[in-house]
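A.B. asks: See model_19.txt below, with compact mmCIF, C-alpha atoms and all ligand atoms.
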```txt
# COMPACT_ATOMS: atom_id res chain seq x y z
CA MET A 1 -23.36 -6.56 4.62
CA SER A 2 -24.31 -6.42 0.98
CA THR A 3 -24.13 -9.23 -1.49
CA SER A 4 -22.00 -8.85 -4.59
CA VAL A 5 -24.43 -8.73 -7.47
CA SER A 6 -21.95 -7.47 -10.06
CA ALA A 7 -19.69 -10.47 -9.50
CA GLN A 8 -22.58 -12.69 -10.58
CA LEU A 9 -22.90 -11.02 -13.99
CA SER A 10 -21.51 -13.12 -16.82
CA LYS A 11 -17.88 -12.27 -17.39
CA ALA A 12 -18.01 -14.18 -20.70
CA VAL A 13 -20.71 -11.85 -22.01
CA LYS A 14 -18.74 -8.82 -20.82
CA GLN A 15 -15.68 -10.13 -22.67
CA MET A 16 -17.68 -10.12 -25.94
CA TYR A 17 -18.09 -6.34 -25.67
CA LEU A 18 -14.55 -5.70 -24.50
CA GLU A 19 -13.35 -7.31 -27.73
CA LEU A 20 -15.06 -4.62 -29.83
CA PRO A 21 -12.54 -2.28 -31.47
CA GLN A 22 -12.34 1.09 -29.75
CA GLY A 23 -11.25 3.16 -32.75
CA ASP A 24 -8.54 5.72 -32.12
CA LYS A 25 -9.90 6.66 -28.69
CA VAL A 26 -8.25 5.84 -25.39
CA GLN A 27 -9.97 5.28 -22.05
CA ALA A 28 -8.11 6.80 -19.09
CA MET A 29 -9.29 5.73 -15.65
CA TYR A 30 -8.31 8.38 -13.08
CA VAL A 31 -7.70 6.97 -9.59
CA TRP A 32 -7.42 8.92 -6.32
CA ILE A 33 -7.41 8.50 -2.54
CA ASP A 34 -10.65 9.65 -0.91
CA GLY A 35 -11.28 11.55 2.32
CA THR A 36 -10.87 8.48 4.52
CA GLY A 37 -7.19 8.24 3.54
CA GLU A 38 -7.80 4.56 2.82
CA GLY A 39 -10.54 4.33 0.22
CA LEU A 40 -9.89 4.63 -3.50
CA ARG A 41 -12.15 6.23 -6.09
CA CYS A 42 -11.99 6.19 -9.88
CA LYS A 43 -13.69 7.56 -12.96
CA THR A 44 -12.96 7.36 -16.66
CA ARG A 45 -12.68 9.81 -19.51
CA THR A 46 -12.11 9.35 -23.23
CA LEU A 47 -8.98 10.83 -24.81
CA ASP A 48 -8.57 11.29 -28.60
CA TYR A 49 -4.91 10.30 -28.43
CA GLU A 50 -2.70 7.87 -26.56
CA PRO A 51 -0.87 9.69 -23.77
CA LYS A 52 2.84 8.85 -23.80
CA SER A 53 3.79 10.52 -20.54
CA ILE A 54 2.15 12.14 -17.56
CA GLU A 55 2.37 15.58 -19.22
CA ASP A 56 -0.04 14.40 -21.93
CA LEU A 57 -2.83 13.84 -19.39
CA PRO A 58 -5.30 16.64 -18.69
CA GLU A 59 -6.15 17.73 -15.17
CA TRP A 60 -9.70 16.90 -14.17
CA ASN A 61 -12.13 17.44 -11.31
CA PHE A 62 -14.72 15.64 -9.21
CA ASP A 63 -17.36 16.26 -6.57
CA GLY A 64 -15.49 16.23 -3.27
CA SER A 65 -18.68 16.40 -1.21
CA SER A 66 -19.37 12.79 -2.25
CA THR A 67 -15.96 11.44 -1.26
CA TYR A 68 -15.71 12.89 2.28
CA GLN A 69 -13.37 15.49 0.80
CA SER A 70 -15.08 18.87 0.88
CA GLU A 71 -17.99 20.90 2.13
CA GLY A 72 -20.94 20.98 -0.24
CA SER A 73 -20.61 24.69 -1.01
CA ASN A 74 -17.10 24.38 -2.45
CA SER A 75 -17.29 20.85 -3.69
CA ASP A 76 -15.10 20.97 -6.81
CA MET A 77 -11.79 19.22 -6.24
CA TYR A 78 -8.97 18.89 -8.78
CA LEU A 79 -7.31 15.71 -10.00
CA ILE A 80 -3.67 16.20 -10.92
CA PRO A 81 -2.21 13.20 -12.79
CA VAL A 82 1.04 12.02 -11.21
CA ALA A 83 1.68 8.47 -12.44
CA MET A 84 0.43 6.49 -15.44
CA PHE A 85 0.13 2.71 -15.85
CA ARG A 86 -1.15 0.36 -18.51
CA ASP A 87 -4.73 -0.68 -17.76
CA PRO A 88 -4.81 -4.47 -17.19
CA PHE A 89 -8.63 -4.54 -17.25
CA ARG A 90 -9.33 -2.70 -20.50
CA LYS A 91 -5.81 -3.44 -21.81
CA ASP A 92 -3.69 -1.39 -24.27
CA PRO A 93 -3.87 1.42 -25.20
CA ASN A 94 -6.01 2.27 -22.16
CA LYS A 95 -4.50 3.71 -18.99
CA LEU A 96 -4.77 3.87 -15.22
CA VAL A 97 -3.86 7.33 -13.97
CA LEU A 98 -2.97 7.91 -10.33
CA CYS A 99 -3.83 11.46 -9.24
CA GLU A 100 -3.13 13.88 -6.44
CA VAL A 101 -6.15 15.76 -5.09
CA LEU A 102 -6.17 19.55 -4.70
CA LYS A 103 -8.94 21.64 -3.16
CA TYR A 104 -10.86 24.40 -4.96
CA ASN A 105 -8.21 26.89 -3.73
CA ASN A 106 -5.37 24.71 -5.13
CA LYS A 107 -4.23 23.66 -1.65
CA THR A 108 -3.62 19.95 -1.11
CA ALA A 109 -6.56 17.94 0.23
CA GLU A 110 -6.16 16.69 3.82
CA THR A 111 -5.66 13.08 2.69
CA ASN A 112 -3.27 14.01 -0.12
CA LEU A 113 -0.08 12.99 1.68
CA ARG A 114 1.86 12.61 -1.57
CA ASN A 115 2.45 16.31 -1.95
CA SER A 116 4.64 16.71 1.14
CA CYS A 117 6.21 13.28 0.64
CA LYS A 118 7.41 14.36 -2.81
CA LYS A 119 8.99 17.53 -1.40
CA ILE A 120 10.87 15.50 1.21
CA MET A 121 11.99 12.92 -1.36
CA ASP A 122 13.29 15.72 -3.61
CA MET A 123 15.57 16.86 -0.77
CA VAL A 124 17.38 13.51 -0.57
CA THR A 125 17.67 12.32 -4.19
CA HIS A 126 21.48 12.18 -3.82
CA GLU A 127 21.06 9.40 -1.18
CA HIS A 128 19.00 7.25 -3.59
CA PRO A 129 16.53 6.01 -0.94
CA TRP A 130 15.01 2.64 -1.83
CA PHE A 131 11.89 1.18 -0.26
CA GLY A 132 10.25 -2.23 -0.47
CA MET A 133 6.83 -2.64 1.14
CA GLU A 134 5.21 -5.97 2.03
CA GLN A 135 1.48 -5.46 1.73
CA GLU A 136 -0.50 -7.95 3.79
CA TYR A 137 -4.25 -8.19 3.29
CA THR A 138 -7.24 -10.36 4.14
CA LEU A 139 -9.88 -11.63 1.74
CA LEU A 140 -13.44 -11.39 3.04
CA ALA A 141 -16.67 -12.78 1.66
CA THR A 142 -19.32 -10.12 1.06
CA ASP A 143 -20.80 -10.91 4.49
CA GLY A 144 -17.57 -9.63 6.06
CA HIS A 145 -16.45 -13.10 7.17
CA PRO A 146 -12.95 -14.22 6.02
CA PHE A 147 -13.12 -15.87 2.62
CA GLY A 148 -13.44 -19.65 2.82
CA TRP A 149 -13.82 -19.78 6.62
CA PRO A 150 -16.67 -21.95 7.91
CA THR A 151 -19.79 -19.81 8.36
CA ASN A 152 -20.30 -20.69 12.00
CA GLY A 153 -16.82 -21.14 13.34
CA PHE A 154 -13.14 -21.10 12.65
CA PRO A 155 -10.67 -23.03 10.49
CA GLY A 156 -8.00 -25.11 12.21
CA PRO A 157 -5.38 -23.13 14.13
CA GLN A 158 -2.54 -21.29 12.39
CA GLY A 159 0.42 -23.38 11.30
CA PRO A 160 -0.18 -24.94 7.89
CA TYR A 161 -1.26 -21.82 5.99
CA TYR A 162 1.86 -19.61 5.61
CA CYS A 163 3.18 -20.28 2.08
CA GLY A 164 0.78 -23.22 2.10
CA VAL A 165 -0.53 -25.19 -0.85
CA GLY A 166 -3.64 -27.31 -1.14
CA ALA A 167 -7.37 -26.77 -1.02
CA ASP A 168 -7.44 -26.94 2.79
CA LYS A 169 -4.55 -24.48 3.20
CA ALA A 170 -4.68 -21.79 0.46
CA TYR A 171 -7.88 -19.72 0.49
CA GLY A 172 -8.42 -17.62 -2.63
CA ARG A 173 -5.31 -18.12 -4.72
CA ASP A 174 -7.18 -17.24 -7.94
CA ILE A 175 -7.33 -13.64 -6.74
CA VAL A 176 -3.62 -13.59 -5.90
CA GLU A 177 -2.69 -14.94 -9.33
CA ALA A 178 -4.98 -12.51 -11.17
CA HIS A 179 -3.62 -9.57 -9.20
CA TYR A 180 0.02 -10.55 -9.71
CA ARG A 181 -0.34 -10.81 -13.48
CA ALA A 182 -2.42 -7.63 -13.68
CA CYS A 183 0.31 -5.74 -11.79
CA LEU A 184 3.01 -7.04 -14.14
CA TYR A 185 0.93 -6.00 -17.15
CA ALA A 186 0.32 -2.55 -15.67
CA GLY A 187 4.03 -1.95 -15.10
CA VAL A 188 3.78 -2.05 -11.31
CA GLU A 189 7.04 -3.05 -9.57
CA ILE A 190 5.61 -6.10 -7.84
CA GLY A 191 8.36 -8.24 -6.34
CA GLY A 192 6.44 -11.34 -5.28
CA THR A 193 3.57 -12.82 -3.32
CA ASN A 194 3.00 -15.38 -0.58
CA ALA A 195 0.20 -16.87 1.49
CA GLU A 196 0.22 -15.58 5.05
CA VAL A 197 -0.07 -17.15 8.51
CA MET A 198 -3.84 -16.68 8.85
CA PRO A 199 -5.96 -18.52 6.26
CA ALA A 200 -7.40 -16.07 3.66
CA GLN A 201 -4.53 -13.70 4.42
CA TRP A 202 -1.97 -12.99 1.70
CA GLU A 203 0.92 -10.68 0.93
CA PHE A 204 2.44 -9.02 -2.10
CA GLN A 205 5.67 -7.05 -2.15
CA ILE A 206 6.26 -3.82 -4.06
CA GLY A 207 9.80 -2.62 -4.69
CA PRO A 208 12.54 -1.87 -4.33
CA CYS A 209 11.33 1.53 -5.55
CA GLU A 210 13.25 4.78 -5.28
CA GLY A 211 11.66 7.79 -3.57
CA ILE A 212 8.09 8.80 -4.37
CA LYS A 213 7.65 5.82 -6.69
CA MET A 214 7.14 3.61 -3.63
CA GLY A 215 3.85 5.21 -2.67
CA ASP A 216 2.67 5.52 -6.27
CA HIS A 217 3.20 1.86 -7.05
CA LEU A 218 1.74 0.57 -3.79
CA TRP A 219 -1.42 2.65 -4.15
CA ILE A 220 -2.04 1.51 -7.72
CA ALA A 221 -1.34 -2.11 -6.70
CA ARG A 222 -4.01 -1.72 -4.00
CA PHE A 223 -6.40 -0.29 -6.58
CA ILE A 224 -5.78 -3.25 -8.90
CA LEU A 225 -6.41 -5.65 -6.01
CA HIS A 226 -9.75 -4.00 -5.13
CA ARG A 227 -10.73 -4.15 -8.80
CA VAL A 228 -9.76 -7.82 -9.22
CA CYS A 229 -11.65 -8.70 -6.04
CA GLU A 230 -14.70 -6.87 -7.36
CA ASP A 231 -14.75 -9.21 -10.37
CA PHE A 232 -14.61 -12.24 -8.07
CA GLY A 233 -17.23 -10.95 -5.63
CA VAL A 234 -14.74 -10.89 -2.76
CA ILE A 235 -13.74 -7.96 -0.53
CA VAL A 236 -10.15 -7.09 0.31
CA SER A 237 -9.53 -5.73 3.80
CA PHE A 238 -6.42 -3.86 4.91
CA ASP A 239 -7.57 -3.81 8.52
CA PRO A 240 -4.50 -4.44 10.71
CA LYS A 241 -6.34 -6.98 12.92
CA PRO A 242 -9.40 -8.27 11.08
CA ILE A 243 -9.99 -11.17 13.48
CA PRO A 244 -9.24 -10.57 17.17
CA GLY A 245 -7.59 -13.28 19.25
CA ASN A 246 -5.14 -15.93 18.16
CA TRP A 247 -4.98 -14.88 14.52
CA ASN A 248 -2.17 -12.88 12.93
CA GLY A 249 -2.81 -9.27 12.04
CA ALA A 250 -1.90 -7.58 8.77
CA GLY A 251 1.03 -5.21 8.44
CA CYS A 252 2.95 -3.43 5.75
CA HIS A 253 6.61 -4.06 6.64
CA THR A 254 8.71 -1.34 5.08
CA ASN A 255 12.23 -2.17 3.97
CA PHE A 256 14.53 0.81 3.58
CA SER A 257 18.04 1.56 2.37
CA THR A 258 20.16 4.39 1.05
CA LYS A 259 23.14 4.14 -1.29
CA PRO A 260 25.61 4.33 1.65
CA MET A 261 23.71 1.51 3.44
CA ARG A 262 23.84 -0.68 0.34
CA ASP A 263 27.58 -0.06 -0.18
CA ALA A 264 30.33 -2.05 1.57
CA GLY A 265 30.31 -1.45 5.33
CA GLY A 266 26.81 0.08 5.13
CA LEU A 267 25.75 -1.70 8.33
CA LYS A 268 27.22 1.30 10.16
CA GLN A 269 24.76 3.65 8.42
CA ILE A 270 21.95 1.18 9.13
CA GLU A 271 22.80 1.15 12.84
CA GLU A 272 22.93 4.96 12.90
CA ALA A 273 19.46 5.14 11.30
CA ILE A 274 18.06 2.67 13.85
CA GLU A 275 19.57 4.73 16.67
CA LYS A 276 17.64 7.78 15.39
CA LEU A 277 14.43 5.76 14.98
CA GLY A 278 14.70 4.59 18.59
CA LYS A 279 14.49 8.18 19.80
CA ARG A 280 11.33 8.91 17.83
CA HIS A 281 9.11 5.86 18.22
CA GLN A 282 5.77 7.57 18.84
CA TYR A 283 6.25 9.98 15.95
CA HIS A 284 6.54 6.96 13.65
CA ILE A 285 3.64 5.09 15.23
CA ARG A 286 1.46 8.16 14.59
CA ALA A 287 2.42 8.12 10.91
CA TYR A 288 2.03 4.37 10.44
CA ASP A 289 -1.78 4.06 10.29
CA PRO A 290 -4.56 6.47 9.28
CA LYS A 291 -5.77 6.81 12.88
CA GLY A 292 -2.52 7.94 14.45
CA GLY A 293 -1.68 4.55 15.98
CA LEU A 294 -5.12 3.57 17.22
CA ASP A 295 -5.66 1.02 14.43
CA ASN A 296 -2.20 -0.45 14.84
CA ALA A 297 -2.66 -0.77 18.63
CA ARG A 298 -4.96 -3.74 17.93
CA ARG A 299 -2.16 -5.43 15.98
CA LEU A 300 1.11 -4.46 17.71
CA THR A 301 0.58 -6.45 20.89
CA GLY A 302 3.95 -8.15 21.23
CA SER A 303 2.45 -11.48 20.07
CA HIS A 304 1.95 -12.94 16.57
CA GLU A 305 5.33 -11.80 15.23
CA THR A 306 4.88 -8.19 16.35
CA SER A 307 6.50 -5.85 18.85
CA ASN A 308 4.42 -3.98 21.42
CA ILE A 309 3.24 -0.61 20.14
CA ASN A 310 4.61 1.17 23.22
CA ASP A 311 8.15 -0.22 22.96
CA PHE A 312 10.94 0.25 20.47
CA SER A 313 13.30 -2.63 19.75
CA ALA A 314 15.67 -3.73 17.01
CA GLY A 315 17.56 -6.92 16.24
CA VAL A 316 19.15 -9.16 13.64
CA ALA A 317 16.62 -11.71 12.31
CA ASN A 318 14.19 -10.76 15.12
CA ARG A 319 10.59 -10.83 13.92
CA GLY A 320 9.36 -9.75 17.34
CA ALA A 321 11.19 -6.41 17.10
CA SER A 322 10.11 -3.02 15.74
CA ILE A 323 13.09 -3.06 13.39
CA ARG A 324 14.65 -6.20 11.96
CA ILE A 325 18.03 -6.40 10.27
CA PRO A 326 17.84 -9.40 7.91
CA ARG A 327 20.41 -12.06 8.82
CA SER A 328 22.12 -11.78 5.43
CA VAL A 329 22.52 -8.03 5.93
CA GLY A 330 24.09 -8.61 9.36
CA GLN A 331 26.52 -11.10 7.81
CA GLU A 332 27.44 -9.06 4.72
CA LYS A 333 27.50 -5.83 6.77
CA GLN A 334 25.62 -3.94 4.07
CA GLY A 335 22.09 -3.78 2.66
CA TYR A 336 18.85 -2.58 4.25
CA PHE A 337 16.62 -2.86 7.31
CA GLU A 338 12.95 -3.65 7.83
CA ASP A 339 10.56 -1.47 9.82
CA ARG A 340 7.85 -3.94 10.91
CA ARG A 341 5.56 -1.36 12.51
CA PRO A 342 3.48 0.08 9.63
CA SER A 343 -0.10 -1.14 9.54
CA ALA A 344 -1.61 -2.82 6.46
CA ASN A 345 -3.81 0.25 5.98
CA CYS A 346 -0.93 2.74 6.25
CA ASP A 347 -0.44 5.46 3.70
CA PRO A 348 2.95 4.63 2.12
CA TYR A 349 3.55 8.33 1.48
CA ALA A 350 3.34 9.01 5.23
CA VAL A 351 5.54 6.01 6.12
CA THR A 352 8.31 6.75 3.63
CA GLU A 353 8.26 10.48 4.47
CA ALA A 354 8.63 9.74 8.19
CA LEU A 355 11.61 7.42 7.54
CA ILE A 356 13.38 10.09 5.50
CA ARG A 357 12.66 12.86 8.01
CA THR A 358 14.09 10.87 10.93
CA CYS A 359 16.89 8.87 9.31
CA LEU A 360 18.20 11.31 6.70
CA LEU A 361 17.03 14.79 7.69
CA ASN A 362 17.85 14.13 11.37
CA GLU A 363 14.56 15.51 12.61
CA THR A 364 13.87 14.84 16.27
CA GLY A 365 10.94 15.42 18.58
CA GLU A 366 8.14 13.37 20.06
CA GLU A 367 4.74 13.79 21.59
CA PRO A 368 4.64 10.80 23.95
CA PHE A 369 1.41 8.80 24.10
CA GLU A 370 0.50 5.51 25.77
CA TYR A 371 -1.45 3.20 23.47
CA LYS A 372 -3.83 0.54 24.84
CA ASN A 373 -3.86 -2.83 23.04
P1 LIG B 401 10.28 -10.94 4.63
O1 LIG B 401 11.36 -11.94 4.89
O2 LIG B 401 10.29 -9.84 5.66
O3 LIG B 401 8.92 -11.56 4.48
P2 LIG B 401 10.00 -10.16 1.80
O4 LIG B 401 10.75 -11.03 0.89
O5 LIG B 401 8.54 -10.35 1.87
O6 LIG B 401 10.70 -10.24 3.26
O7 LIG B 401 10.22 -8.64 1.41
C1 LIG B 401 11.49 -8.08 1.31
C2 LIG B 401 11.35 -6.69 0.71
O8 LIG B 401 12.59 -6.01 0.82
C3 LIG B 401 10.95 -6.65 -0.73
O9 LIG B 401 9.86 -5.75 -0.89
C4 LIG B 401 12.18 -6.07 -1.43
O10 LIG B 401 11.82 -5.25 -2.52
C5 LIG B 401 12.77 -5.23 -0.33
N1 LIG B 401 14.20 -4.95 -0.49
C6 LIG B 401 15.19 -5.78 -0.88
N2 LIG B 401 16.37 -5.15 -0.92
C7 LIG B 401 16.14 -3.86 -0.54
C8 LIG B 401 16.95 -2.71 -0.38
N3 LIG B 401 18.27 -2.74 -0.60
N4 LIG B 401 16.37 -1.56 0.03
C9 LIG B 401 15.06 -1.52 0.29
N5 LIG B 401 14.22 -2.56 0.14
C10 LIG B 401 14.75 -3.73 -0.26
MN MN B 402 7.24 -10.76 3.52
MN MN B 403 4.29 -11.12 5.85
MN MN B 404 8.66 -8.74 6.47
```
What is this file in structure tokens?
Ligand code: ADP
Ligand code: MN
Ligand code: MN
Ligand code: MN
C.D. replies:
Amino acid sequence: MSTSVSAQLSKAVKQMYLELPQGDKVQAMYVWIDGTGEGLRCKTRTLDYEPKSIEDLPEWNFDGSSTYQSEGSNSDMYLIPVAMFRDPFRKDPNKLVLCEVLKYNNKTAETNLRNSCKKIMDMVTHEHPWFGMEQEYTLLATDGHPFGWPTNGFPGPQGPYYCGVGADKAYGRDIVEAHYRACLYAGVEIGGTNAEVMPAQWEFQIGPCEGIKMGDHLWIARFILHRVCEDFGVIVSFDPKPIPGNWNGAGCHTNFSTKPMRDAGGLKQIEEAIEKLGKRHQYHIRAYDPKGGLDNARRLTGSHETSNINDFSAGVANRGASIRIPRSVGQEKQGYFEDRRPSANCDPYAVTEALIRTCLLNETGEEPFEYKN
């Protein structure tokens, strides 16, 4: 594993240059998902004006043969701006620009799952689908070992770390604080953060966001986290089970509701949605990590607050189930439910699309598969 040399450069010296006036030019950093479906890439261009909306941003291109996205002979790929944020690193008036990727023939790239997600979301706008995703992640030192863990061994067993405070319990809070504030500055709908069960593991929540906005905001929040971690010389991992054994994995619980579910008596609609989900478990598992369930099979063992990947279950306040109805929702008989299956490295476009297809568009059908933990 490499060492982080750029983190060692003086950030105070860098700040001196960042304080120089930039004239009437604006720096726009274009961000996209690469051919792994997990990695993010970015590059910057200068604009002579401040873009006020997404329509003001030019399309762009990049070399897809260097991002696992195309064959060398037809390597030009197109970047289509889809969401714009304030840039918390270069600050106003500079921008972060999330992009969809199209191939040379204008067809969507294989890992551009936003395109079909958007079409599905457009079919159900009248239901006002809301999502809230709980992104868990693990901080790693540049040697790949969890941040702050003893070099030749393990920290004390899990117990004191979840929502913990103190130098022996919270590993890497500086990064969490920097990321939280950077998201607020950017205009990302971040709902909160907490320390997780495994030391060096943390969570932030995005949402509630309606429709396609869920995926857009989660991806840019992940980008901001990678970028903050780069400054600190720490790596962020979204691996669903970074440390095998008696250590919690990392998920991306997805909370979901429609207007009828949020209205009085909506528990009925919630129960109907869960009924449909129960008949299509494998379809969802396939959509909930980039390897069609194989990544998540390491995490969804039935232990460590997970359900087994091969079983579907649902229950009020049950954190060992596939689907949990929060206790308050069960009591008030309206609200939302939580799908606990998505992996930390899921593509939120794939997860939210699958939920809409099954729960609202009444799609059925399965290709059964037995996963090995
Ligand atoms: P947990 O108890 O599972 O750790 P969190 O507080 O971490 O719960 O996350 C709850 C999530 O539920 C948040 O992302 C929030 O935005 C989301 N949420 C709250 N209400 C709704 C709703 N009506 N529809 C969809 N998501 C919701
Ligand atoms: Mn949570
Ligand atoms: Mn959590
Ligand atoms: Mn949760």
A.B. asks: Go through the chains and note each residue within 7 Å of ligand LIG 401 (chain B), using all atoms listed in the file, then give the set as a ChimeraX atom specification.
C.D. replies: /A:130-134,191,205-208,253,255-257,262,335-336
A.B. asks: Could you list, as an mmCIF file with C-alpha atoms, in the frame of the given file, all the residues within 8 Å of ligand MN 403 (chain B), counting all atoms listed in the file?
C.D. replies:
```cif
data_model
loop_
_atom_site.group_PDB
_atom_site.id
_atom_site.type_symbol
_atom_site.label_atom_id
_atom_site.label_comp_id
_atom_site.auth_asym_id
_atom_site.auth_seq_id
_atom_site.Cartn_x
_atom_site.Cartn_y
_atom_site.Cartn_z
ATOM 1 C CA GLU A 134 5.210 -5.970 2.030
ATOM 2 C CA GLN A 135 1.480 -5.460 1.730
ATOM 3 C CA GLU A 136 -0.500 -7.950 3.790
ATOM 4 C CA ASN A 194 3.000 -15.380 -0.580
ATOM 5 C CA GLU A 196 0.220 -15.580 5.050
ATOM 6 C CA VAL A 197 -0.070 -17.150 8.510
ATOM 7 C CA TRP A 202 -1.970 -12.990 1.700
ATOM 8 C CA GLU A 203 0.920 -10.680 0.930
ATOM 9 C CA ALA A 250 -1.900 -7.580 8.770
ATOM 10 C CA GLY A 251 1.030 -5.210 8.440
ATOM 11 C CA CYS A 252 2.950 -3.430 5.750
ATOM 12 C CA HIS A 253 6.610 -4.060 6.640
#
```
A.B. asks: Between A:Ala350, A:Val236, A:Leu355, A:Ala317, which has the minimum distance to ligand MN 404 (chain B) (counting all atoms listed in the file)?
C.D. replies: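 Ranking A:Ala350, A:Val236, A:Leu355, A:Ala317 by distance to ligand MN 404 (chain B), first place goes to A:Ala317.
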A.B. asks: Work out how far apart atom CA of A:Ile285 and atom CA of A:Arg341 are and give it in Å to one decimal.
C.D. replies: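 About the pair atom CA of A:Ile285 and atom CA of A:Arg341: they are 7.3 Å apart.
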A.B. asks: Ranking A:Tyr137, A:Phe154, A:Tyr288, A:Trp219 by minimum distance to ligand MN 402 (chain B) and counting only C-alpha atoms and all ligand atoms, which one comes first?
C.D. replies: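 So, comparing all the options, the nearest one is A:Tyr137.
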